[in-house]
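One structure below.
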Amino acid sequence: MISETQILEKIYAGFIAKAIGVRLGAPVEPTIWSYERVRDTYGEVTEYLRDFKNFAADDDTNGPVYFIRALRDYGLQCTAEDVGKIWLNYAAEEHGMYWWGGFGISTEHTAYKNLQAGITAPMSGAIATNGTTVAEQIGGQIFIDSWGWVNPGNPQRAADMSAMAASVAHDGDGLNGARFCAAAIAAAFEAGSIEEIVEIALGTIDPNSTYAKVCSAVIAFHKANPDDWRACRDMLNAEWGYDRYPGVCHIIPNAGVTIMSILYGQGSVPRTAEIATMASWDTDCNAGNAAAIVGTFQGLDPSWDKYRKPINDFLVASGIVGSINIVDIPSFARELTVLALQLAGRDVPELWREDMTRRGLRFDFDLPGSTHGFRTEGFNQVSLKHSAERHVEGSRGSLEILLDRLERGQGARVFWKPFYRRSDFDDERYRPMFSPVVDAGQTVRFKLWLDPWNGDGHLRVAPYVRRTVSGAIEETGAWVVPSSEGWQEFEFVVPDGVEAIDEVGISIEYFGRLKFLGRLFLADFTVSGPGHLEIDPKVETQEWGAISRFTWNRGHWTKQFGRIHGHAANDADIWTGHYYARDLVVSADIEPLAGASHMVTARVQGTGRFYAAGFENGEVVILRQDFGKTVLARAQFTPEPGQTYAIALEAHGTTLTLSVDGKALLTASDDTFAYGMSGLRLGQPGRMAISRFSVAEN
């Protein structure tokens, strides 16, 4: 039986490989980039085609991050209807997450509108509902990798679960693509060869389907021409090309490229992703799918290094949960491993179980080569990599900080980024949104161990945080010379402030006479405890379609005269705070400007699951939204025009309390939601202005 550590490492490898393939293929997506244009412009692709400050979100990775949450929100026996709720709950309408190419054009856009209209899955994606052209586009396979990873060694169940999940938007060969790719990933955990993986995966789909036939054609061509992938690509273009299949991005030609890349890549993630990229058609999708399968099979390998290093264990998603959108790949791999163990009926390590809903961070550097997205800024003599040489108990590694011949006055910052701004990106792919992962009042802990090789010992460090608007560095502890005798623990409380924090780490400075050469090891980095945030709209920026520190769904959210201004044609929300915040008080100074619904929200678990309280239809109300509204408490209250009200919603255990201007007006009890984000809501058409917003966790 494959061990829990092996499962974790295979998932980690597969997800990194998926990220590599997507990042490599994205710059030459169709339709402008034809096969000939890619060939004539780049020749043999052997490196990333474009550098990115940070690679922004992509639908190919959004799906694997978010859709698998059906197992968490609705249980291990979740249905297609449940996955459809995940689509509605975690996607902002017509921005982020999917390609919003239009109803009847984009399969995902079409399925989303069907779900909104009350057409539940699987009918939301059925051929009977949408027609074959829409149902058989490529999305059936590009979002399903996680369903393979949570079924290690069980390709049949992976195929069945992936088809269930894909049926939200797809049917026909769209479901065959889901079955094939998920089954291939599940088989890759234990298979002895690439050919065995392909054979097992094909065994889970209809052998008479067009999907099976294009795969068989590639397999036969590969056997006859094992060293010429371009000849195979020519065969695909002639017999299975885009001209033969309707729609924007049909699954069949791309299935041919995917299996071609897997076979001709010969078990190498770099070569597999390169072939899929050079073959054109849907390059990021095909390279991502193929690399995920091969990466799970191959496992982490030094041959990936030039592609792996820029990934740096970091991925961006673009759902509506700002803290989930900052993806630490080792942590996400651990979450998938927990689900895999649960589905197999196996015991789950308690610490891993706690990680699933952790209000904070836990970076253990346990996985081979893991960096957890740490970065360095300053003099370039400071560089980072994973080390297996030194580690704390319970881990197999640490972050090694190389300090290369620092002279007096030189140094750098080593940090993790808990928040991102639009300026952190140089592309606009799938418009991500972020809320800070770390807030004031939380406790940061980590361990350091100095290994000096040359110098006179005068190397010192200080913990710090950085403010995102001003860029101000705030030292949160004294400058000290780290111990060279063993692990030394550091701890500080994140300080209050009106700006969000976008760096948490250590400042390093050398002030000796001799050049310093040595290493500093960092391990066991955690952020824990309740936090609090105070948002002054005058400090925030209007960006990513709304207001910094907030994610949003519908409506028009702007800054006007130093206040947040919300304007809705139906209902609209913005959110901030951590997804796993629990007991708290959400408060805001709100001036109702038009309409009959002006509220704050708490324990928000998506667009359709939350508590809200405030003014609605001439009353004060506390309500629960769970894909349908339930009023938990109400009383008569008519807001006065032109008046600003301090509205506060306290959630403590199962008790909800609404206060207006410091006076408790309503109390209700409900145990549906134990944690979630906080925000502002217009439940009906209208406008409001907000001059202050705060969240205080208990």
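Starting from 1 in every chain, residues are counted up; chains themselves are A, B, ... following the order of the structure tokens, and ligands are numbered from 1 as listed.
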
Show which residues sit within 10 Å of Ala191 in chain A, as a PDB file with C-alpha atoms, in the first residue's frame. Count only C-alpha atoms, and ignore same-chain residues fewer than 5 positions away.
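Now in result-v4.pdb:
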```pdb
ATOM      1  CA  GLY A 153      -4.064   3.942  -7.171  1.00  0.00           C
ATOM      2  CA  ALA A 184      -4.301   8.543 -15.687  1.00  0.00           C
ATOM      3  CA  ILE A 185      -3.266  10.622 -12.660  1.00  0.00           C
ATOM      4  CA  ALA A 186      -4.647   8.017 -10.253  1.00  0.00           C
ATOM      5  CA  GLU A 196       0.613   1.303 -18.619  1.00  0.00           C
ATOM      6  CA  ILE A 197      -0.900   4.606 -17.441  1.00  0.00           C
ATOM      7  CA  VAL A 198      -2.402   5.248 -20.863  1.00  0.00           C
ATOM      8  CA  ILE A 200      -5.407   1.906 -17.677  1.00  0.00           C
ATOM      9  CA  PHE A 297       4.355   9.360 -12.358  1.00  0.00           C
TER      10      PHE A 297
END
```

Based on the backbone DSSP call, show me all residues of range 144-268 of chain A assigned helix (DSSP H, G or I), as a PyMOL selection string.
chain A and resi 145-149+155-166+173-188+194-202+210-224+229-240+242-244+251-264

Write the selection just made, keeping C-alpha atoms, as a PDB file, in the first residue's frame?
```
ATOM      1  CA  ASP A 145      -6.613  16.837 -11.933  1.00  0.00           C
ATOM      2  CA  SER A 146      -7.486  16.993  -8.238  1.00  0.00           C
ATOM      3  CA  TRP A 147     -10.055  14.193  -8.636  1.00  0.00           C
ATOM      4  CA  GLY A 148      -7.179  11.985  -9.771  1.00  0.00           C
ATOM      5  CA  TRP A 149      -4.882  13.073  -6.953  1.00  0.00           C
ATOM      6  CA  PRO A 155      -8.268   4.988 -11.434  1.00  0.00           C
ATOM      7  CA  GLN A 156     -11.827   3.687 -11.764  1.00  0.00           C
ATOM      8  CA  ARG A 157     -13.094   5.770  -8.856  1.00  0.00           C
ATOM      9  CA  ALA A 158     -11.070   8.742 -10.113  1.00  0.00           C
ATOM     10  CA  ALA A 159     -12.763   8.397 -13.499  1.00  0.00           C
ATOM     11  CA  ASP A 160     -16.225   8.127 -11.982  1.00  0.00           C
ATOM     12  CA  MET A 161     -15.764  11.082  -9.619  1.00  0.00           C
ATOM     13  CA  SER A 162     -14.237  13.261 -12.321  1.00  0.00           C
ATOM     14  CA  ALA A 163     -17.093  12.537 -14.721  1.00  0.00           C
ATOM     15  CA  MET A 164     -19.530  13.450 -11.961  1.00  0.00           C
ATOM     16  CA  ALA A 165     -17.712  16.733 -11.365  1.00  0.00           C
ATOM     17  CA  ALA A 166     -17.254  17.531 -15.062  1.00  0.00           C
ATOM     18  CA  ASP A 173     -16.581  13.269 -25.058  1.00  0.00           C
ATOM     19  CA  GLY A 174     -16.191  16.086 -22.556  1.00  0.00           C
ATOM     20  CA  LEU A 175     -16.806  13.499 -19.840  1.00  0.00           C
ATOM     21  CA  ASN A 176     -14.501  10.988 -21.514  1.00  0.00           C
ATOM     22  CA  GLY A 177     -11.734  13.565 -21.293  1.00  0.00           C
ATOM     23  CA  ALA A 178     -12.384  14.010 -17.587  1.00  0.00           C
ATOM     24  CA  ARG A 179     -12.364  10.254 -17.033  1.00  0.00           C
ATOM     25  CA  PHE A 180      -9.168   9.701 -19.005  1.00  0.00           C
ATOM     26  CA  CYS A 181      -7.086  12.446 -17.356  1.00  0.00           C
ATOM     27  CA  ALA A 182      -8.218  11.754 -13.786  1.00  0.00           C
ATOM     28  CA  ALA A 183      -7.763   8.002 -14.202  1.00  0.00           C
ATOM     29  CA  ALA A 184      -4.301   8.543 -15.687  1.00  0.00           C
ATOM     30  CA  ILE A 185      -3.266  10.622 -12.660  1.00  0.00           C
ATOM     31  CA  ALA A 186      -4.647   8.017 -10.253  1.00  0.00           C
ATOM     32  CA  ALA A 187      -2.844   5.240 -12.124  1.00  0.00           C
ATOM     33  CA  ALA A 188       0.404   7.222 -12.186  1.00  0.00           C
ATOM     34  CA  ILE A 194       3.757   5.654 -19.279  1.00  0.00           C
ATOM     35  CA  GLU A 195       2.237   3.048 -21.588  1.00  0.00           C
ATOM     36  CA  GLU A 196       0.613   1.303 -18.619  1.00  0.00           C
ATOM     37  CA  ILE A 197      -0.900   4.606 -17.441  1.00  0.00           C
ATOM     38  CA  VAL A 198      -2.402   5.248 -20.863  1.00  0.00           C
ATOM     39  CA  GLU A 199      -3.785   1.722 -21.124  1.00  0.00           C
ATOM     40  CA  ILE A 200      -5.407   1.906 -17.677  1.00  0.00           C
ATOM     41  CA  ALA A 201      -6.910   5.338 -18.352  1.00  0.00           C
ATOM     42  CA  LEU A 202      -8.335   4.240 -21.718  1.00  0.00           C
ATOM     43  CA  THR A 210     -14.306   9.577 -30.582  1.00  0.00           C
ATOM     44  CA  TYR A 211     -12.042  10.315 -27.611  1.00  0.00           C
ATOM     45  CA  ALA A 212     -10.890   6.698 -27.486  1.00  0.00           C
ATOM     46  CA  LYS A 213     -10.390   6.674 -31.248  1.00  0.00           C
ATOM     47  CA  VAL A 214      -8.122   9.732 -31.327  1.00  0.00           C
ATOM     48  CA  CYS A 215      -6.093   8.283 -28.466  1.00  0.00           C
ATOM     49  CA  SER A 216      -5.766   4.976 -30.311  1.00  0.00           C
ATOM     50  CA  ALA A 217      -4.667   6.770 -33.469  1.00  0.00           C
ATOM     51  CA  VAL A 218      -1.882   8.541 -31.572  1.00  0.00           C
ATOM     52  CA  ILE A 219      -0.817   5.331 -29.827  1.00  0.00           C
ATOM     53  CA  ALA A 220      -0.578   3.509 -33.157  1.00  0.00           C
ATOM     54  CA  PHE A 221       1.335   6.359 -34.786  1.00  0.00           C
ATOM     55  CA  HIS A 222       3.751   6.517 -31.850  1.00  0.00           C
ATOM     56  CA  LYS A 223       4.499   2.812 -32.118  1.00  0.00           C
ATOM     57  CA  ALA A 224       5.326   3.226 -35.799  1.00  0.00           C
ATOM     58  CA  TRP A 229       6.369  13.900 -32.573  1.00  0.00           C
ATOM     59  CA  ARG A 230       6.072  16.545 -35.280  1.00  0.00           C
ATOM     60  CA  ALA A 231       5.006  13.882 -37.761  1.00  0.00           C
ATOM     61  CA  CYS A 232       2.380  12.813 -35.248  1.00  0.00           C
ATOM     62  CA  ARG A 233       1.223  16.419 -34.941  1.00  0.00           C
ATOM     63  CA  ASP A 234       0.890  16.583 -38.727  1.00  0.00           C
ATOM     64  CA  MET A 235      -1.258  13.442 -38.620  1.00  0.00           C
ATOM     65  CA  LEU A 236      -3.479  14.997 -35.952  1.00  0.00           C
ATOM     66  CA  ASN A 237      -3.901  18.169 -37.963  1.00  0.00           C
ATOM     67  CA  ALA A 238      -4.845  16.228 -41.085  1.00  0.00           C
ATOM     68  CA  GLU A 239      -7.222  13.729 -39.478  1.00  0.00           C
ATOM     69  CA  TRP A 240      -8.348  15.225 -36.158  1.00  0.00           C
ATOM     70  CA  TYR A 242      -9.769  21.984 -35.412  1.00  0.00           C
ATOM     71  CA  ASP A 243     -11.387  22.230 -38.834  1.00  0.00           C
ATOM     72  CA  ARG A 244     -13.293  19.012 -38.162  1.00  0.00           C
ATOM     73  CA  ILE A 251     -11.718  18.465 -26.722  1.00  0.00           C
ATOM     74  CA  ILE A 252     -10.837  15.957 -29.474  1.00  0.00           C
ATOM     75  CA  PRO A 253      -7.903  17.703 -31.215  1.00  0.00           C
ATOM     76  CA  ASN A 254      -6.518  18.647 -27.820  1.00  0.00           C
ATOM     77  CA  ALA A 255      -6.941  15.112 -26.503  1.00  0.00           C
ATOM     78  CA  GLY A 256      -4.731  14.038 -29.384  1.00  0.00           C
ATOM     79  CA  VAL A 257      -2.044  16.563 -28.419  1.00  0.00           C
ATOM     80  CA  THR A 258      -2.271  15.601 -24.745  1.00  0.00           C
ATOM     81  CA  ILE A 259      -1.718  11.899 -25.287  1.00  0.00           C
ATOM     82  CA  MET A 260       0.922  12.632 -27.940  1.00  0.00           C
ATOM     83  CA  SER A 261       2.852  14.748 -25.440  1.00  0.00           C
ATOM     84  CA  ILE A 262       2.584  12.061 -22.764  1.00  0.00           C
ATOM     85  CA  LEU A 263       3.915   9.343 -25.077  1.00  0.00           C
ATOM     86  CA  TYR A 264       6.623  11.316 -26.853  1.00  0.00           C
TER      87      TYR A 264
END
```

Which of A:Gln266, A:Gln442, A:Ser659, A:Ser167 sits closest to Asp82 in chain A [using only C-alpha atoms]
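Distance minimum relative to Asp82 in chain A lands on A:Ser167.
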
Those in range 472-656 of chain A with strand (DSSP E or B) from DSSP, as JSON, numbers by chain
{"A": [473, 474, 475, 480, 488, 489, 490, 491, 492, 493, 501, 502, 503, 504, 505, 506, 507, 508, 509, 510, 516, 517, 518, 519, 520, 521, 522, 523, 524, 525, 526, 527, 528, 532, 533, 534, 535, 542, 543, 546, 547, 551, 552, 553, 556, 557, 558, 559, 560, 563, 564, 565, 566, 567, 568, 572, 573, 574, 575, 576, 584, 585, 586, 587, 588, 589, 590, 591, 592, 593, 594, 595, 597, 598, 599, 600, 601, 602, 603, 604, 605, 606, 609, 610, 611, 612, 613, 614, 615, 616, 619, 620, 621, 622, 623, 624, 625, 626, 629, 630, 631, 632, 633, 634, 635, 636, 645, 646, 647, 648, 649, 650, 651, 652, 655, 656]}

Taking only C-alpha atoms into account, which of A:Arg359, A:His170, A:Lys663, A:His391 comes nearest Ala128 in chain A?
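Selected residue with least distance to Ala128 in chain A: A:His170.
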
Skip Glu29 in chain A itself and residues of its chain fewer than 3 positions away, then list as a PyMOL selection string all residues within 8 Å of it, counting only C-alpha atoms.
chain A and resi 25-26+32-33+280-284

A:Leu623, A:Ala13, A:Ile275, A:Leu71 ranked by distance to Gln342 in chain A, top pick (using only C-alpha atoms)
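For Gln342 in chain A, the nearest of the candidates is A:Leu71.
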